[in-house]
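Text of entry.cif, listed as mmCIF, C-alpha atoms; chains and numbers go by the auth columns:
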```cif
data_work
#
loop_
_atom_site.group_PDB
_atom_site.id
_atom_site.type_symbol
_atom_site.label_atom_id
_atom_site.label_comp_id
_atom_site.label_asym_id
_atom_site.label_seq_id
_atom_site.Cartn_x
_atom_site.Cartn_y
_atom_site.Cartn_z
_atom_site.B_iso_or_equiv
_atom_site.auth_seq_id
_atom_site.auth_asym_id
ATOM 1 C CA MET A 1 123.448 93.824 147.683 0.00 13 A
ATOM 2 C CA LYS A 2 124.558 97.199 146.294 0.00 14 A
ATOM 3 C CA LEU A 3 126.115 95.414 143.316 0.00 15 A
ATOM 4 C CA LYS A 4 122.824 93.629 142.585 0.00 16 A
ATOM 5 C CA ILE A 5 120.934 96.928 142.707 0.00 17 A
ATOM 6 C CA LEU A 6 123.518 98.557 140.437 0.00 18 A
ATOM 7 C CA LEU A 7 123.330 95.657 137.947 0.00 19 A
ATOM 8 C CA LEU A 8 119.532 95.706 137.985 0.00 20 A
ATOM 9 C CA THR A 9 119.534 99.478 137.404 0.00 21 A
ATOM 10 C CA CYS A 10 121.937 99.060 134.463 0.00 22 A
ATOM 11 C CA LEU A 11 119.765 96.300 132.992 0.00 23 A
ATOM 12 C CA ILE A 12 116.651 98.479 133.252 0.00 24 A
ATOM 13 C CA LEU A 13 118.458 101.359 131.540 0.00 25 A
ATOM 14 C CA VAL A 14 119.688 99.109 128.726 0.00 26 A
ATOM 15 C CA LEU A 15 116.267 97.569 128.169 0.00 27 A
ATOM 16 C CA SER A 16 114.530 100.925 128.170 0.00 28 A
ATOM 17 C CA ALA A 17 116.983 102.132 125.525 0.00 29 A
ATOM 18 C CA CYS A 18 116.145 99.154 123.297 0.00 30 A
ATOM 19 C CA THR A 19 112.464 99.941 122.825 0.00 31 A
ATOM 20 C CA PRO A 20 111.611 103.550 122.127 0.00 32 A
ATOM 21 C CA GLU A 21 108.905 105.186 124.217 0.00 33 A
ATOM 22 C CA SER A 22 107.973 107.267 121.201 0.00 34 A
ATOM 23 C CA TYR A 23 108.856 107.400 117.547 0.00 35 A
ATOM 24 C CA PRO A 24 109.589 110.414 115.343 0.00 36 A
ATOM 25 C CA GLU A 25 106.406 112.219 114.297 0.00 37 A
ATOM 26 C CA ASP A 26 104.821 111.483 110.931 0.00 38 A
ATOM 27 C CA THR A 27 106.435 108.061 110.613 0.00 39 A
ATOM 28 C CA ILE A 28 104.922 104.637 110.085 0.00 40 A
ATOM 29 C CA ALA A 29 106.102 103.497 113.526 0.00 41 A
ATOM 30 C CA ALA A 30 104.543 106.541 115.237 0.00 42 A
ATOM 31 C CA TYR A 31 101.216 105.907 113.514 0.00 43 A
ATOM 32 C CA LEU A 32 101.211 102.211 114.447 0.00 44 A
ATOM 33 C CA ALA A 33 102.121 102.983 118.070 0.00 45 A
ATOM 34 C CA GLU A 34 99.426 105.647 118.387 0.00 46 A
ATOM 35 C CA ASP A 35 96.783 103.379 116.840 0.00 47 A
ATOM 36 C CA GLY A 36 97.369 100.763 119.555 0.00 48 A
ATOM 37 C CA ARG A 37 96.499 97.625 117.545 0.00 49 A
ATOM 38 C CA PHE A 38 100.102 96.891 116.501 0.00 50 A
ATOM 39 C CA THR A 39 102.078 96.525 119.730 0.00 51 A
ATOM 40 C CA THR A 40 103.313 93.024 118.855 0.00 52 A
ATOM 41 C CA PHE A 41 104.372 94.039 115.329 0.00 53 A
ATOM 42 C CA LEU A 42 106.312 96.987 116.767 0.00 54 A
ATOM 43 C CA GLU A 43 107.774 94.886 119.582 0.00 55 A
ATOM 44 C CA ILE A 44 109.054 92.335 117.082 0.00 56 A
ATOM 45 C CA THR A 45 110.364 94.898 114.608 0.00 57 A
ATOM 46 C CA ASP A 46 111.731 97.532 117.031 0.00 58 A
ATOM 47 C CA GLU A 47 115.230 96.110 116.815 0.00 59 A
ATOM 48 C CA VAL A 48 115.024 96.288 113.019 0.00 60 A
ATOM 49 C CA VAL A 49 113.463 99.748 113.320 0.00 61 A
ATOM 50 C CA LEU A 50 116.341 100.958 115.468 0.00 62 A
ATOM 51 C CA GLU A 51 119.279 99.259 113.796 0.00 63 A
ATOM 52 C CA SER A 52 118.518 98.811 110.104 0.00 64 A
ATOM 53 C CA ALA A 53 120.209 101.235 107.796 0.00 65 A
ATOM 54 C CA PRO A 54 118.096 103.125 107.035 0.00 66 A
ATOM 55 C CA PRO A 55 115.544 102.456 109.768 0.00 67 A
ATOM 56 C CA LEU A 56 112.564 101.567 107.622 0.00 68 A
ATOM 57 C CA LEU A 57 109.624 102.445 109.813 0.00 69 A
ATOM 58 C CA ILE A 58 111.029 105.690 111.240 0.00 70 A
ATOM 59 C CA ASN A 59 112.777 107.324 108.291 0.00 71 A
ATOM 60 C CA PRO A 60 110.257 109.084 106.056 0.00 72 A
ATOM 61 C CA GLU A 61 113.017 110.745 104.042 0.00 73 A
ATOM 62 C CA PHE A 62 114.532 107.475 102.779 0.00 74 A
ATOM 63 C CA TYR A 63 111.838 106.382 100.355 0.00 75 A
ATOM 64 C CA PRO A 64 108.107 105.864 100.575 0.00 76 A
ATOM 65 C CA LEU A 65 106.907 102.417 101.605 0.00 77 A
ATOM 66 C CA THR A 66 103.787 100.328 101.747 0.00 78 A
ATOM 67 C CA ILE A 67 103.483 98.362 104.978 0.00 79 A
ATOM 68 C CA PHE A 68 101.010 95.528 105.547 0.00 80 A
ATOM 69 C CA ALA A 69 100.641 95.647 109.311 0.00 81 A
ATOM 70 C CA PRO A 70 99.312 92.583 111.153 0.00 82 A
ATOM 71 C CA THR A 71 97.212 93.390 114.221 0.00 83 A
ATOM 72 C CA ASP A 72 97.924 92.048 117.687 0.00 84 A
ATOM 73 C CA GLU A 73 95.117 89.523 117.128 0.00 85 A
ATOM 74 C CA ALA A 74 96.936 88.284 114.030 0.00 86 A
ATOM 75 C CA PHE A 75 100.011 87.488 116.125 0.00 87 A
ATOM 76 C CA GLU A 76 97.883 85.779 118.786 0.00 88 A
ATOM 77 C CA SER A 77 96.954 83.133 116.220 0.00 89 A
ATOM 78 C CA LEU A 78 100.614 82.123 115.724 0.00 90 A
ATOM 79 C CA PRO A 79 102.022 79.136 117.588 0.00 91 A
ATOM 80 C CA PRO A 80 103.547 80.458 120.855 0.00 92 A
ATOM 81 C CA ASP A 81 106.990 79.043 120.019 0.00 93 A
ATOM 82 C CA LEU A 82 107.057 80.888 116.673 0.00 94 A
ATOM 83 C CA LEU A 83 105.984 84.118 118.331 0.00 95 A
ATOM 84 C CA LYS A 84 108.768 83.760 120.911 0.00 96 A
ATOM 85 C CA GLN A 85 111.267 83.022 118.157 0.00 97 A
ATOM 86 C CA LEU A 86 110.171 86.150 116.268 0.00 98 A
ATOM 87 C CA LYS A 87 110.661 88.238 119.407 0.00 99 A
ATOM 88 C CA ASP A 88 114.064 86.713 120.182 0.00 100 A
ATOM 89 C CA ASP A 89 115.652 86.558 116.716 0.00 101 A
ATOM 90 C CA PRO A 90 116.510 89.912 115.066 0.00 102 A
ATOM 91 C CA GLY A 91 117.208 88.209 111.725 0.00 103 A
ATOM 92 C CA LEU A 92 113.788 86.597 111.715 0.00 104 A
ATOM 93 C CA ALA A 93 112.214 89.909 112.778 0.00 105 A
ATOM 94 C CA GLN A 94 113.893 91.581 109.812 0.00 106 A
ATOM 95 C CA GLU A 95 112.543 88.911 107.442 0.00 107 A
ATOM 96 C CA LEU A 96 109.071 89.447 108.898 0.00 108 A
ATOM 97 C CA LEU A 97 109.279 93.214 108.430 0.00 109 A
ATOM 98 C CA PHE A 98 110.655 92.954 104.908 0.00 110 A
ATOM 99 C CA HIS A 99 107.945 90.457 103.914 0.00 111 A
ATOM 100 C CA HIS A 100 105.276 92.874 105.131 0.00 112 A
ATOM 101 C CA GLY A 101 106.481 95.789 103.055 0.00 113 A
ATOM 102 C CA LEU A 102 106.877 97.011 99.502 0.00 114 A
ATOM 103 C CA ASP A 103 109.446 99.612 98.516 0.00 115 A
ATOM 104 C CA ARG A 104 106.914 101.972 96.953 0.00 116 A
ATOM 105 C CA PRO A 105 103.646 103.493 98.123 0.00 117 A
ATOM 106 C CA LEU A 106 100.683 101.506 96.812 0.00 118 A
ATOM 107 C CA LEU A 107 97.063 102.329 97.379 0.00 119 A
ATOM 108 C CA SER A 108 94.561 99.503 97.088 0.00 120 A
ATOM 109 C CA LYS A 109 93.594 100.674 93.588 0.00 121 A
ATOM 110 C CA ASP A 110 97.198 99.968 92.480 0.00 122 A
ATOM 111 C CA PHE A 111 97.390 96.318 93.598 0.00 123 A
ATOM 112 C CA GLY A 112 96.162 94.868 90.319 0.00 124 A
ATOM 113 C CA LEU A 113 98.678 96.744 88.142 0.00 125 A
ATOM 114 C CA LEU A 114 101.097 93.779 88.287 0.00 126 A
ATOM 115 C CA ASN A 115 100.517 90.062 88.858 0.00 127 A
ATOM 116 C CA THR A 116 103.139 89.991 91.633 0.00 128 A
ATOM 117 C CA TRP A 117 105.072 92.606 93.600 0.00 129 A
ATOM 118 C CA PRO A 118 108.574 92.273 95.124 0.00 130 A
ATOM 119 C CA THR A 119 108.870 92.690 98.877 0.00 131 A
ATOM 120 C CA ILE A 120 111.479 94.966 100.465 0.00 132 A
ATOM 121 C CA ILE A 121 115.050 93.832 99.802 0.00 133 A
ATOM 122 C CA THR A 122 114.090 90.203 99.248 0.00 134 A
ATOM 123 C CA PRO A 123 113.791 87.957 96.229 0.00 135 A
ATOM 124 C CA VAL A 124 110.288 87.041 97.414 0.00 136 A
ATOM 125 C CA THR A 125 107.296 88.310 95.487 0.00 137 A
ATOM 126 C CA VAL A 126 103.741 88.465 96.729 0.00 138 A
ATOM 127 C CA SER A 127 100.446 88.520 94.930 0.00 139 A
ATOM 128 C CA PHE A 128 97.070 90.001 95.641 0.00 140 A
ATOM 129 C CA GLU A 129 93.845 88.040 95.420 0.00 141 A
ATOM 130 C CA PHE A 130 90.571 89.792 94.731 0.00 142 A
ATOM 131 C CA ASP A 131 87.196 88.397 95.772 0.00 143 A
ATOM 132 C CA GLY A 132 84.455 90.958 95.372 0.00 144 A
ATOM 133 C CA ASP A 133 85.382 93.827 97.646 0.00 145 A
ATOM 134 C CA GLN A 134 87.868 91.737 99.647 0.00 146 A
ATOM 135 C CA ILE A 135 91.599 91.882 98.938 0.00 147 A
ATOM 136 C CA ARG A 136 94.204 89.468 100.260 0.00 148 A
ATOM 137 C CA TYR A 137 97.920 90.160 100.554 0.00 149 A
ATOM 138 C CA ASP A 138 99.842 86.887 100.452 0.00 150 A
ATOM 139 C CA GLY A 139 96.793 85.167 101.932 0.00 151 A
ATOM 140 C CA ALA A 140 96.130 87.753 104.661 0.00 152 A
ATOM 141 C CA LEU A 141 92.850 89.638 104.417 0.00 153 A
ATOM 142 C CA ILE A 142 93.271 93.405 104.214 0.00 154 A
ATOM 143 C CA ILE A 143 90.823 94.718 106.823 0.00 155 A
ATOM 144 C CA GLN A 144 91.668 98.416 106.501 0.00 156 A
ATOM 145 C CA GLU A 145 93.086 100.011 103.363 0.00 157 A
ATOM 146 C CA ASP A 146 94.929 103.113 102.278 0.00 158 A
ATOM 147 C CA ILE A 147 96.096 104.717 105.524 0.00 159 A
ATOM 148 C CA GLN A 148 98.435 107.449 104.343 0.00 160 A
ATOM 149 C CA VAL A 149 101.256 108.594 106.614 0.00 161 A
ATOM 150 C CA GLY A 150 103.179 111.210 104.694 0.00 162 A
ATOM 151 C CA GLU A 151 104.147 109.522 101.431 0.00 163 A
ATOM 152 C CA ASN A 152 103.860 106.062 103.031 0.00 164 A
ATOM 153 C CA VAL A 153 100.825 103.790 102.931 0.00 165 A
ATOM 154 C CA ILE A 154 99.690 101.293 105.569 0.00 166 A
ATOM 155 C CA HIS A 155 97.196 98.486 105.029 0.00 167 A
ATOM 156 C CA VAL A 156 95.976 96.553 108.078 0.00 168 A
ATOM 157 C CA ILE A 157 95.888 92.761 107.699 0.00 169 A
ATOM 158 C CA ASP A 158 94.172 90.088 109.770 0.00 170 A
ATOM 159 C CA SER A 159 97.014 87.532 109.839 0.00 171 A
ATOM 160 C CA VAL A 160 100.784 87.358 109.651 0.00 172 A
ATOM 161 C CA ALA A 161 101.736 86.915 106.008 0.00 173 A
ATOM 162 C CA GLY A 162 104.488 84.566 104.856 0.00 174 A
ATOM 163 C CA VAL A 163 104.625 82.456 108.005 0.00 175 A
ATOM 164 C CA GLU A 164 105.724 79.492 105.893 0.00 176 A
ATOM 165 C CA LEU A 165 108.806 81.489 104.808 0.00 177 A
ATOM 166 C CA LEU A 166 109.714 82.192 108.408 0.00 178 A
ATOM 167 C CA THR A 167 109.535 78.550 109.431 0.00 179 A
ATOM 168 C CA ASP A 168 111.613 77.069 106.575 0.00 180 A
#
```

I'd like the structure from this file rewritten - as structure tokens, please.
Amino acid sequence: MKLKILLLTCLILVLSACTPESYPEDTIAAYLAEDGRFTTFLEITDEVVLESAPPLLINPEFYPLTIFAPTDEAFESLPPDLLKQLKDDPGLAQELLFHHGLDRPLLSKDFGLLNTWPTIITPVTVSFEFDGDQIRYDGALIIQEDIQVGENVIHVIDSVAGVELLTD
């Protein structure tokens, strides 16, 4: 019985070390956590956040980024098996994070400067579609634009972009 309690205590300590209770101030991850609409995005990308070199969402000194952050509702529309796979597969989580980011800060007024933009550390490019005052990032509707966190920029999107790339 004591061994079971000891093992359970060790497991709890390991799991609590895997997901940070808080993120460094003035970082993308801290903003997303404080906002409260991005718990699934952070849950999926926390392993990438903690282990990537450099940790993209918590290292403001590395280089400024643009992140297209899907809301929790966006993840709810995914098939449950894909959502579980995203949570269980660090490689897939990294692809998701990299597909939702650009390696430069872009405000919405900058989107039309190029026909396509490269995503972070991938050969994949994305395009923006403009329809009146609506802007889509790789098919996802941008529902909140130009949130500046230090030199970084966050745009909130209504769906998970690039799902077809994650399922190939």

Contacts of Ile159 in chain A within 10 Å, all atoms listed in the file, excl. fewer than 5 positions in-chain, as a VMD selection string: chain A and resid 40 43 78 to 79 119 164 to 168

Polymer residues at most 8 Å from range 46-50 of chain A, all atoms listed in the file, same-chain spacing of 6 or more positions, as a PyMOL selection string: chain A and resi 81-84

Contacts of Asp145 in chain A within 12 Å, all atoms listed in the file, excl. fewer than 4 positions in-chain, as a VMD selection string: chain A and resid 120 to 121 141 153 to 157

All residues 7 Å or closer to Ser171 in chain A, all atoms listed in the file, same chain fewer than 3 positions away omitted, as a PyMOL selection string: chain A and resi 82+86-87+152

Residues as selected, C-alpha atoms, written as a PDB file, keeping the file's coordinate frame, can you do that?
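And here is the file that came out, part.pdb:
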```pdb
ATOM      1  CA  PRO A  82      99.312  92.583 111.153  1.00  0.00           C
ATOM      2  CA  ALA A  86      96.936  88.284 114.030  1.00  0.00           C
ATOM      3  CA  PHE A  87     100.011  87.488 116.125  1.00  0.00           C
ATOM      4  CA  ALA A 152      96.130  87.753 104.661  1.00  0.00           C
TER       5      ALA A 152
END
```

Output check: residues returned by the PyMOL selection byres ((chain A and resi 102-108) around 6), as a PyMOL selection string: chain A and resi 56-57+60+98+101+109-111

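Put simply, CA of Arg116 in chain A is 4.7 Å away from CA of Leu77 in chain A.
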
Minimum-distance residue to Ile169 in chain A, chosen among A:Ile147, A:Ala45, A:Val138, A:Leu54 (using only C-alpha atoms):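 Using only C-alpha atoms, Ile169 in chain A sits closest to A:Ile147.
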